[in-house]
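coords-v6.txt, holding compact mmCIF, C-alpha atoms and all ligand atoms:
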```txt
# COMPACT_ATOMS: atom_id res chain seq x y z
CA MET V 1 190.25 89.81 100.35
CA SER V 2 186.71 88.96 99.35
CA ALA V 3 185.91 87.92 95.80
CA THR V 4 184.56 90.47 93.33
CA ILE V 5 182.31 90.09 90.33
CA GLU V 6 184.53 89.88 87.27
CA HIS V 7 182.29 89.55 84.24
CA ILE V 8 178.82 88.55 83.05
CA GLU V 9 178.12 86.72 79.78
CA SER V 10 174.69 86.31 78.16
CA TRP V 11 173.27 84.27 75.28
CA LEU V 12 169.96 84.11 73.40
CA VAL V 13 169.22 80.40 73.16
CA ASP V 14 166.38 79.24 70.86
CA VAL V 15 165.00 75.78 71.64
CA PRO V 16 162.03 74.32 69.68
CA THR V 17 158.95 73.07 71.55
CA ILE V 18 157.75 69.43 71.29
CA ARG V 19 154.45 70.65 69.76
CA PRO V 20 152.79 74.00 69.11
CA HIS V 21 151.72 75.49 72.47
CA LYS V 22 148.54 77.56 71.98
CA LEU V 23 147.72 80.38 74.39
CA SER V 24 144.98 83.00 74.03
CA MET V 25 147.50 85.58 72.72
CA THR V 26 150.08 83.53 70.80
CA THR V 27 151.14 80.08 69.62
CA MET V 28 154.68 79.04 70.56
CA GLY V 29 156.83 76.77 68.40
CA CYS V 30 160.08 77.74 70.05
CA GLN V 31 161.19 79.20 73.38
CA THR V 32 164.01 81.71 73.72
CA LEU V 33 166.07 81.26 76.88
CA VAL V 34 168.23 84.21 77.91
CA ILE V 35 171.02 82.33 79.67
CA ILE V 36 173.64 84.20 81.70
CA ARG V 37 176.82 83.34 83.57
CA ILE V 38 178.47 85.45 86.24
CA THR V 39 182.16 84.81 86.90
CA ARG V 40 183.76 85.93 90.18
CA SER V 41 187.42 86.73 90.81
CA ASP V 42 187.74 83.50 92.89
CA GLY V 43 186.69 81.43 89.86
CA ILE V 44 183.18 80.64 91.18
CA THR V 45 180.48 80.96 88.54
CA GLY V 46 176.72 81.39 88.82
CA ILE V 47 174.14 80.76 86.07
CA GLY V 48 170.74 82.32 85.53
CA GLU V 49 167.96 82.38 82.96
CA ALA V 50 165.11 84.63 81.88
CA THR V 51 162.26 83.72 79.55
CA THR V 52 159.10 85.40 78.40
CA ILE V 53 156.29 84.04 76.23
CA GLY V 54 155.79 84.80 72.53
CA GLY V 55 158.11 87.81 72.08
CA LEU V 56 156.17 90.80 73.43
CA SER V 57 152.74 89.14 73.47
CA TYR V 58 152.82 88.21 77.19
CA GLY V 59 155.14 90.59 79.02
CA VAL V 60 156.73 93.99 78.42
CA GLU V 61 160.31 92.71 78.07
CA SER V 62 161.33 90.82 74.90
CA PRO V 63 164.20 88.29 75.04
CA GLU V 64 166.36 90.69 73.01
CA ALA V 65 165.57 93.57 75.40
CA ILE V 66 166.33 91.36 78.42
CA LYS V 67 169.79 90.61 77.00
CA LEU V 68 170.39 94.30 76.24
CA THR V 69 169.32 95.32 79.75
CA ILE V 70 171.65 92.76 81.29
CA ASP V 71 174.64 93.60 79.07
CA GLY V 72 174.18 97.37 79.01
CA TYR V 73 172.79 98.22 82.45
CA LEU V 74 172.88 95.42 85.04
CA ALA V 75 176.32 93.93 84.32
CA PRO V 76 178.16 97.31 84.55
CA LEU V 77 176.49 97.93 87.95
CA LEU V 78 177.84 94.61 89.27
CA GLN V 79 181.33 94.45 87.75
CA GLY V 80 184.07 94.99 90.32
CA GLN V 81 181.66 94.86 93.28
CA PRO V 82 182.25 92.54 96.28
CA ALA V 83 180.53 89.29 95.32
CA ASP V 84 179.50 87.90 98.70
CA ASN V 85 176.77 90.33 99.82
CA LEU V 86 173.68 89.49 97.82
CA GLN V 87 171.45 92.10 99.47
CA ALA V 88 173.97 94.89 98.78
CA LEU V 89 174.19 93.87 95.11
CA LEU V 90 170.42 93.68 94.67
CA TYR V 91 169.94 97.01 96.42
CA ARG V 92 172.51 98.59 94.10
CA ILE V 93 170.53 97.36 91.08
CA GLU V 94 167.16 98.35 92.57
CA LYS V 95 168.36 101.93 93.16
CA SER V 96 169.41 102.38 89.52
CA VAL V 97 167.06 100.27 87.40
CA LYS V 98 163.26 100.56 87.38
CA GLY V 99 161.13 97.55 86.46
CA ASN V 100 162.78 95.04 84.11
CA THR V 101 162.01 92.19 86.49
CA PHE V 102 162.66 89.49 83.87
CA ALA V 103 166.27 90.66 83.38
CA LYS V 104 166.70 91.15 87.14
CA SER V 105 165.44 87.62 87.76
CA ALA V 106 168.25 86.11 85.64
CA ILE V 107 170.82 88.18 87.56
CA GLU V 108 169.36 87.39 91.00
CA THR V 109 169.33 83.68 90.09
CA ALA V 110 172.99 83.70 89.00
CA LEU V 111 174.04 85.59 92.14
CA LEU V 112 172.20 83.05 94.33
CA ASP V 113 173.82 80.16 92.42
CA ALA V 114 177.29 81.61 92.95
CA GLN V 115 176.61 82.42 96.62
CA GLY V 116 175.31 78.90 97.27
CA LYS V 117 178.39 77.37 95.64
CA SER V 118 180.67 79.66 97.64
CA LEU V 119 178.99 78.69 100.95
CA GLY V 120 178.48 75.03 99.99
CA VAL V 121 174.66 75.09 100.36
CA PRO V 122 171.71 74.78 97.96
CA VAL V 123 169.84 77.95 96.99
CA SER V 124 166.81 76.70 98.98
CA ALA V 125 168.97 76.86 102.14
CA LEU V 126 170.00 80.44 101.29
CA LEU V 127 166.28 81.23 101.05
CA GLY V 128 165.63 79.83 104.52
CA GLY V 129 165.30 76.09 103.93
CA ALA V 130 163.04 73.68 102.05
CA LEU V 131 159.69 72.52 103.43
CA GLN V 132 159.26 70.08 100.53
CA THR V 133 161.67 68.82 97.89
CA PRO V 134 159.62 66.79 95.44
CA ILE V 135 157.27 69.54 94.28
CA PRO V 136 153.84 68.86 92.72
CA VAL V 137 153.76 69.78 89.03
CA LEU V 138 150.91 69.84 86.53
CA TRP V 139 151.01 69.76 82.71
CA THR V 140 149.33 72.16 80.30
CA LEU V 141 147.14 70.67 77.57
CA ALA V 142 147.33 73.30 74.82
CA SER V 143 147.58 71.65 71.42
CA GLY V 144 144.50 73.60 70.31
CA ASP V 145 142.62 70.38 69.52
CA THR V 146 140.24 68.70 72.01
CA ALA V 147 140.85 65.10 70.89
CA LYS V 148 144.65 65.60 70.86
CA ASP V 149 144.52 67.15 74.34
CA ILE V 150 142.52 64.22 75.70
CA ALA V 151 144.94 61.70 74.13
CA GLU V 152 147.91 63.64 75.57
CA GLY V 153 146.25 63.70 79.02
CA GLU V 154 145.49 59.95 78.85
CA ASN V 155 149.13 59.17 78.02
CA LEU V 156 150.40 61.30 80.88
CA LEU V 157 147.99 59.71 83.36
CA ALA V 158 148.97 56.23 82.14
CA SER V 159 152.68 57.01 82.59
CA ARG V 160 151.80 58.62 85.97
CA ARG V 161 153.85 61.72 85.10
CA HIS V 162 151.06 64.19 86.01
CA GLN V 163 147.79 64.15 87.94
CA ALA V 164 146.67 67.70 87.21
CA PHE V 165 146.16 69.56 83.92
CA LYS V 166 145.76 73.19 82.96
CA LEU V 167 143.89 74.05 79.76
CA LYS V 168 144.66 77.21 77.83
CA ILE V 169 141.40 78.81 76.72
CA GLY V 170 140.23 82.28 75.70
CA ALA V 171 141.35 82.37 72.04
CA ARG V 172 138.00 81.12 70.74
CA GLU V 173 134.31 81.90 71.24
CA LEU V 174 133.14 81.31 74.81
CA ALA V 175 130.78 78.50 73.75
CA THR V 176 133.60 76.69 71.89
CA ASP V 177 135.95 77.01 74.87
CA LEU V 178 133.28 75.76 77.27
CA LYS V 179 132.57 72.75 75.03
CA HIS V 180 136.30 71.98 74.83
CA THR V 181 136.70 72.22 78.62
CA ALA V 182 133.58 70.14 79.34
CA ALA V 183 134.84 67.37 77.03
CA ILE V 184 138.19 67.25 78.86
CA VAL V 185 136.57 67.32 82.33
CA GLU V 186 134.27 64.51 81.18
CA ALA V 187 137.18 62.42 79.83
CA LEU V 188 139.84 63.01 82.52
CA GLY V 189 138.16 64.82 85.43
CA ASP V 190 137.56 61.73 87.58
CA ARG V 191 141.32 61.00 87.61
CA ALA V 192 142.91 64.45 87.43
CA SER V 193 142.44 68.00 88.67
CA ILE V 194 141.42 70.18 85.72
CA ARG V 195 142.17 73.91 85.75
CA VAL V 196 141.93 76.59 83.05
CA ASP V 197 143.96 79.68 82.16
CA VAL V 198 142.11 82.35 80.16
CA ASN V 199 145.12 84.71 79.95
CA GLN V 200 142.94 87.86 80.33
CA ALA V 201 140.85 87.12 77.24
CA TRP V 202 137.36 87.84 78.64
CA ASP V 203 135.62 91.11 79.43
CA ALA V 204 133.82 91.36 82.77
CA THR V 205 130.44 90.14 81.44
CA THR V 206 131.91 87.15 79.56
CA GLY V 207 134.05 86.47 82.63
CA ALA V 208 131.02 86.25 84.92
CA LYS V 209 129.16 83.88 82.60
CA GLY V 210 132.27 81.84 81.70
CA CYS V 211 133.39 81.38 85.30
CA ARG V 212 129.87 80.37 86.47
CA GLU V 213 129.77 77.65 83.81
CA LEU V 214 133.34 76.45 84.46
CA ALA V 215 132.54 76.17 88.18
CA ALA V 216 129.38 74.19 87.41
CA MET V 217 131.28 71.67 85.26
CA GLY V 218 133.80 70.97 88.05
CA VAL V 219 136.89 72.96 86.99
CA ASP V 220 139.14 73.31 90.07
CA LEU V 221 140.88 76.64 89.42
CA ILE V 222 140.25 79.54 86.99
CA GLU V 223 143.31 81.60 86.11
CA GLN V 224 143.21 85.27 85.07
CA PRO V 225 139.80 85.22 83.35
CA VAL V 226 139.75 89.02 82.85
CA SER V 227 142.21 91.76 81.96
CA ALA V 228 145.07 92.51 84.35
CA ARG V 229 143.78 96.10 84.17
CA ASP V 230 140.38 95.14 85.56
CA ASN V 231 141.08 94.20 89.15
CA ALA V 232 137.53 95.21 90.12
CA ALA V 233 136.14 92.41 87.93
CA LEU V 234 138.75 89.94 89.20
CA VAL V 235 137.88 90.75 92.81
CA ARG V 236 134.13 90.38 92.10
CA LEU V 237 134.69 86.98 90.49
CA SER V 238 136.87 85.83 93.39
CA GLN V 239 134.08 86.75 95.81
CA THR V 240 131.14 85.31 93.87
CA ILE V 241 132.38 82.22 91.99
CA GLU V 242 132.58 79.00 93.96
CA THR V 243 135.70 77.81 92.13
CA ALA V 244 138.93 79.48 93.26
CA ILE V 245 140.26 82.29 91.04
CA LEU V 246 144.02 82.45 90.37
CA ALA V 247 145.52 85.89 89.71
CA ASP V 248 148.45 85.69 87.27
CA GLU V 249 149.05 88.72 85.03
CA ALA V 250 147.38 90.94 87.69
CA VAL V 251 150.11 90.26 90.28
CA SER V 252 153.81 90.56 89.56
CA THR V 253 155.44 91.98 92.69
CA HIS V 254 154.57 92.23 96.37
CA PHE V 255 153.27 95.75 95.69
CA ASP V 256 150.62 94.37 93.29
CA GLY V 257 149.84 91.54 95.69
CA TYR V 258 149.28 93.93 98.55
CA GLN V 259 147.01 96.17 96.46
CA LEU V 260 144.88 93.29 95.11
CA ALA V 261 144.48 91.84 98.60
CA GLN V 262 143.45 95.26 99.90
CA GLN V 263 140.84 95.46 97.14
CA GLY V 264 139.22 92.33 98.58
CA PHE V 265 140.63 89.56 96.36
CA THR V 266 140.30 86.03 97.69
CA GLY V 267 141.74 83.02 95.88
CA ALA V 268 145.36 82.39 94.91
CA TYR V 269 148.38 84.10 93.37
CA ALA V 270 150.52 82.62 90.58
CA LEU V 271 154.06 83.37 91.75
CA LYS V 272 156.66 83.72 88.99
CA ILE V 273 160.31 84.64 89.45
CA ALA V 274 160.24 86.60 86.16
CA LYS V 275 157.34 88.80 87.28
CA ALA V 276 158.85 89.55 90.70
CA GLY V 277 162.58 89.90 89.88
CA GLY V 278 164.01 86.58 91.05
CA PRO V 279 163.75 83.63 93.44
CA GLN V 280 164.33 85.78 96.51
CA SER V 281 162.19 88.74 95.41
CA VAL V 282 159.20 86.52 94.63
CA LEU V 283 159.11 85.37 98.25
CA LYS V 284 158.06 88.89 99.27
CA LEU V 285 154.89 88.44 97.20
CA ALA V 286 154.36 84.97 98.70
CA HIS V 287 154.59 86.38 102.22
CA VAL V 288 152.14 89.20 101.46
CA ALA V 289 149.73 86.59 100.10
CA GLN V 290 150.12 84.46 103.22
CA ALA V 291 149.38 87.47 105.43
CA ALA V 292 146.19 88.12 103.40
CA GLY V 293 144.99 84.50 103.45
CA ILE V 294 145.60 84.11 99.70
CA GLY V 295 146.76 80.70 98.42
CA LEU V 296 150.10 80.10 96.70
CA TYR V 297 150.80 78.56 93.29
CA GLY V 298 154.25 78.03 91.75
CA GLY V 299 153.91 79.59 88.29
CA THR V 300 156.09 79.33 85.18
CA MET V 301 157.04 81.73 82.38
CA LEU V 302 157.74 78.50 80.45
CA GLU V 303 161.33 78.57 81.62
CA GLY V 304 163.96 76.04 80.58
CA SER V 305 165.73 73.99 83.24
CA VAL V 306 167.80 76.82 84.73
CA GLY V 307 164.80 79.09 85.42
CA THR V 308 162.69 76.11 86.46
CA VAL V 309 165.24 74.99 89.07
CA ALA V 310 165.64 78.57 90.31
CA SER V 311 161.86 78.74 90.81
CA LEU V 312 161.75 75.32 92.49
CA HIS V 313 164.27 76.43 95.10
CA ALA V 314 161.92 79.31 95.99
CA TRP V 315 158.74 77.17 95.88
CA SER V 316 160.35 74.53 98.12
CA THR V 317 160.34 77.04 101.00
CA LEU V 318 156.56 77.60 100.74
CA PRO V 319 153.35 75.71 101.47
CA LEU V 320 151.88 75.65 97.93
CA ALA V 321 148.10 75.18 98.29
CA TRP V 322 147.78 74.70 94.51
CA GLY V 323 151.10 73.01 93.67
CA SER V 324 153.10 74.21 90.68
CA GLU V 325 153.32 74.21 86.89
CA MET V 326 157.11 73.90 86.57
CA PHE V 327 156.95 71.65 83.51
CA GLY V 328 158.78 74.08 81.15
CA PRO V 329 161.75 71.77 80.37
CA LEU V 330 159.32 69.03 79.26
CA LEU V 331 157.77 71.33 76.64
CA LEU V 332 161.19 71.80 74.98
CA LYS V 333 162.75 69.36 72.52
CA ASP V 334 166.15 69.62 74.21
CA ASP V 335 167.88 70.88 77.32
CA VAL V 336 170.97 73.02 77.92
CA ILE V 337 171.87 71.51 81.31
CA SER V 338 173.93 68.33 81.62
CA VAL V 339 171.60 66.32 83.91
CA PRO V 340 167.90 66.90 83.19
CA LEU V 341 165.38 67.20 86.03
CA THR V 342 163.36 64.14 87.09
CA PHE V 343 159.58 64.33 86.65
CA ALA V 344 157.53 61.40 88.01
CA ASP V 345 154.35 60.71 90.01
CA GLY V 346 153.07 64.25 89.55
CA HIS V 347 156.21 65.73 91.10
CA VAL V 348 159.59 67.17 90.10
CA THR V 349 162.67 66.68 92.26
CA LEU V 350 164.83 69.55 93.44
CA PRO V 351 168.62 69.22 93.01
CA GLN V 352 170.41 69.20 96.37
CA THR V 353 174.03 70.07 95.54
CA PRO V 354 175.36 73.60 96.28
CA GLY V 355 173.87 76.57 94.41
CA LEU V 356 171.14 75.72 91.93
CA GLY V 357 172.62 72.20 91.75
CA ILE V 358 172.86 72.09 87.94
CA GLU V 359 175.52 72.64 85.27
CA LEU V 360 175.27 73.99 81.72
CA ASP V 361 175.98 71.62 78.85
CA GLU V 362 178.41 73.82 76.89
CA ASP V 363 177.97 71.95 73.58
CA LYS V 364 174.19 72.26 73.71
CA LEU V 365 174.47 75.89 74.75
CA ARG V 366 176.66 76.60 71.71
CA PHE V 367 174.39 74.62 69.41
CA TYR V 368 171.18 76.47 70.33
CA THR V 369 172.70 79.95 70.78
CA ARG V 370 171.30 82.40 68.21
CA LYS V 371 173.96 83.30 65.66
CA GLY V 372 174.58 86.87 64.52
C1 LIG V 401 150.64 81.46 81.88
O1 LIG V 401 149.92 82.34 81.51
O2 LIG V 401 150.41 81.01 82.98
C2 LIG V 401 152.14 78.82 82.16
C3 LIG V 401 151.82 77.57 81.76
C4 LIG V 401 151.53 77.61 80.40
O3 LIG V 401 151.21 76.70 79.67
O4 LIG V 401 151.64 78.88 79.98
C5 LIG V 401 152.22 79.65 81.00
C6 LIG V 401 151.77 81.03 81.02
MG MG V 402 148.71 82.29 83.41
```
Kindly return the structure encoded in the file as structure tokens.
Ligand code: MUC
Ligand code: MG
Amino acid sequence: MSATIEHIESWLVDVPTIRPHKLSMTTMGCQTLVIIRITRSDGITGIGEATTIGGLSYGVESPEAIKLTIDGYLAPLLQGQPADNLQALLYRIEKSVKGNTFAKSAIETALLDAQGKSLGVPVSALLGGALQTPIPVLWTLASGDTAKDIAEGENLLASRRHQAFKLKIGARELATDLKHTAAIVEALGDRASIRVDVNQAWDATTGAKGCRELAAMGVDLIEQPVSARDNAALVRLSQTIETAILADEAVSTHFDGYQLAQQGFTGAYALKIAKAGGPQSVLKLAHVAQAAGIGLYGGTMLEGSVGTVASLHAWSTLPLAWGSEMFGPLLLKDDVISVPLTFADGHVTLPQTPGLGIELDEDKLRFYTRKG
């Protein structure tokens, strides 16, 4: 008899960041990981994780809501079901639960982990096979202070951990942000690729002026300069600015990706498992982008190691024109997996053992789990 899904546990795990991480809409001093574990009747377990950024300031699901959705809606749909048919399980969820892609992503990840362990293959093999295993990874300079960012970038170049940096701008006046970016391009731009993420902060007029100036100073990629509700402006920028435009908040699922491509967008999509509903679901968006001639970028919702590895398995199956930003675990003061990932030479390595290829550190999990 085939194994069934027995139970699903979930924890809110609060891990401090190594320094304040300043984005246009929030400053993070801590990241909440929603960690889950699925246990099957044959004893096989699968782990998953969901994160968002700054409570409800980035996405529409808070960590607390993600846990509630998993415990109250997704787990009951899975309990007692045959465990070995991933598509059947995901279809069952899709029929009954609208949206909630962050919560679904944790579940899809844990199901893939368990399935990989049961078949003795890594998740990347379940997704069709890896094209690349060390995956390029940049670092985000976001201390909020130009001199500190330059010093941080210098250290990372000297240790050879990263060769590309993303700057978080948009919280301040345009002129201040442009001065900040120009100083970093001037200091590090001959040795590193410099990109910016505006996180939707500019209106269409500021976006046009800001993007023209960023392109002129040699920025390599401009992420979500305008509101996710203003695709017309995003499309115009992608067609008129010489530097490539990266759509992030504007594209979550393959439906959004198809629509934006139809509207004439050129540039690249930031893929994120949380936005799409998991490591398998996000590949649908990647394939739509490929069909439309849009470049691929492995994006992060500042996941911890579990969500980062889940994403890496998906990214490994794709040609990533713009690399990835899967540095989340490095932004956190501690880790809840037993063997941390290896970051070196601008790349992160993908575990190769069955499933995700990682194990939870139970003591750390207990220590950082929110009490009460
Ligand atoms: C975002 O908007 O892309 C990714 C890297 C980072 O520093 O913030 C995230 C969110
Ligand atoms: Mg972004």
Exercise for review: With a distance cut-off of 6 Å and only C-alpha atoms, select the neighbouring residues of segment 134-141 of chain V, excluding the residue or stretch itself and same-chain residues fewer than 4 positions from it, and output the selection as a ChimeraX atom specification.
Suggested key: /V:149,162,164-167,323-326,346-349
Exercise for review: Collect all residues with atoms no farther than 8 Å from ligand MG 402 (chain V), counting all atoms listed in the file, and output them as a PyMOL selection string.
Suggested key: chain V and resi 197-199+223-224+247-249+270+299
Exercise for review: Just the residues within 6 Å of segment 6-10 of chain V, please, counting all atoms listed in the file, with nothing from its chain fewer than 6 positions along; format it as a ChimeraX atom specification.
Suggested key: /V:35-41,79-80
At a cut-off of 7 Å, using all atoms listed in the file, what residues contact Thr17 of chain V? Leave out same-chain residues fewer than 4 positions from it and give the result as a PDB file with C-alpha atoms, keeping the file's coordinate frame.
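As a result, selection_37.pdb now contains:
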```
ATOM      1  CA  GLY V  29     156.830  76.770  68.400  1.00  0.00           C
ATOM      2  CA  CYS V  30     160.080  77.740  70.050  1.00  0.00           C
ATOM      3  CA  GLN V  31     161.190  79.200  73.380  1.00  0.00           C
ATOM      4  CA  LEU V 331     157.770  71.330  76.640  1.00  0.00           C
ATOM      5  CA  LEU V 332     161.190  71.800  74.980  1.00  0.00           C
ATOM      6  CA  LYS V 333     162.750  69.360  72.520  1.00  0.00           C
TER       7      LYS V 333
END
```
Check your understanding: Between V:Thr369, V:Ser124, V:Thr181, V:Thr51, which is the closest to Pro354 of chain V once you count all atoms listed in the file?
Key ->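 Checking each of V:Thr369, V:Ser124, V:Thr181, V:Thr51 against Pro354 of chain V, counting all atoms listed in the file, the winner is V:Ser124.
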Revision key, fill the gap. Atom CA of Phe327 of chain V to atom CA of Ala310 of chain V measures 13.0 Å
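Across the structure, atom CA of Leu77 of chain V and atom CA of Ala106 of chain V are spaced 14.6 Å apart.
Taking atom CA of Ala228 of chain V and atom CA of Thr266 of chain V as endpoints, the distance between them is 15.6 Å.
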Check your understanding: Counting only C-alpha atoms and all ligand atoms, which of V:Ser281, V:Gln263, V:Thr308, V:Ser96 gets nearest to ligand LIG 401 (chain V)?
Key -> V:Thr308
Check your understanding: Can you tell me, as JSON, numbers by chain, what residues are no more than 12 Å from Asp145 of chain V when counting only C-alpha atoms, ignoring any on the same chain fewer than 4 positions away?
Key -> {"V": [19, 20, 21, 22, 141, 149, 150, 151, 152, 167, 168, 169, 172, 176, 177, 179, 180, 181, 183, 184]}
How big is the axis-aligned box, and where does its centre sit, when it encloses all atoms of segment 9-20 of chain V listed in the file and has 3 Å added on every side, reported in Å to one decimal as AutoDock Vina command-line options?
```
--center_x 165.5 --center_y 78.1 --center_z 74.4 --size_x 31.3 --size_y 23.3 --size_z 16.7
```
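Distance annotation: of V:Ile47, V:Ala344, V:Ile70, V:Ile53, the residue with the minimal separation from Met28 of chain V is V:Ile53; atom set is all atoms listed in the file.
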Practice item. Considering all atoms listed in the file, return as a PyMOL selection string whatever protein or nucleic-acid residues lie within 6 Å of Pro122 of chain V, sequence-local ones (same chain, fewer than 5 positions apart) excluded. Key: chain V and resi 116+352-355
Check your understanding: Please, which residues are within 7 Å of (180.3, 86.5, 93.1) by the file's coordinates, counting only C-alpha atoms, and could they come as a VMD selection string?
Key -> chain V and resid 3 to 5 39 to 40 44 83 to 84 111 114 to 115
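With all atoms listed in the file as the atoms that count, the minimum distance from Gln81 of chain V to the choices V:Phe265, V:Ile93, V:Arg366, V:Gly46 is reached by V:Ile93.
Between ligand LIG 401 (chain V) and the candidates V:Pro340, V:Pro329, V:Gly278, V:Gly120, the tightest atom-to-atom separation, counting only C-alpha atoms and all ligand atoms, involves V:Pro329.
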Review point. Pick from V:Gly207, V:Gly328, V:Gly293, V:Gly170: nearest to ligand LIG 401 (chain V), with only C-alpha atoms and all ligand atoms counted?
Key: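 Distance minimum relative to ligand LIG 401 (chain V) lands on V:Gly328.
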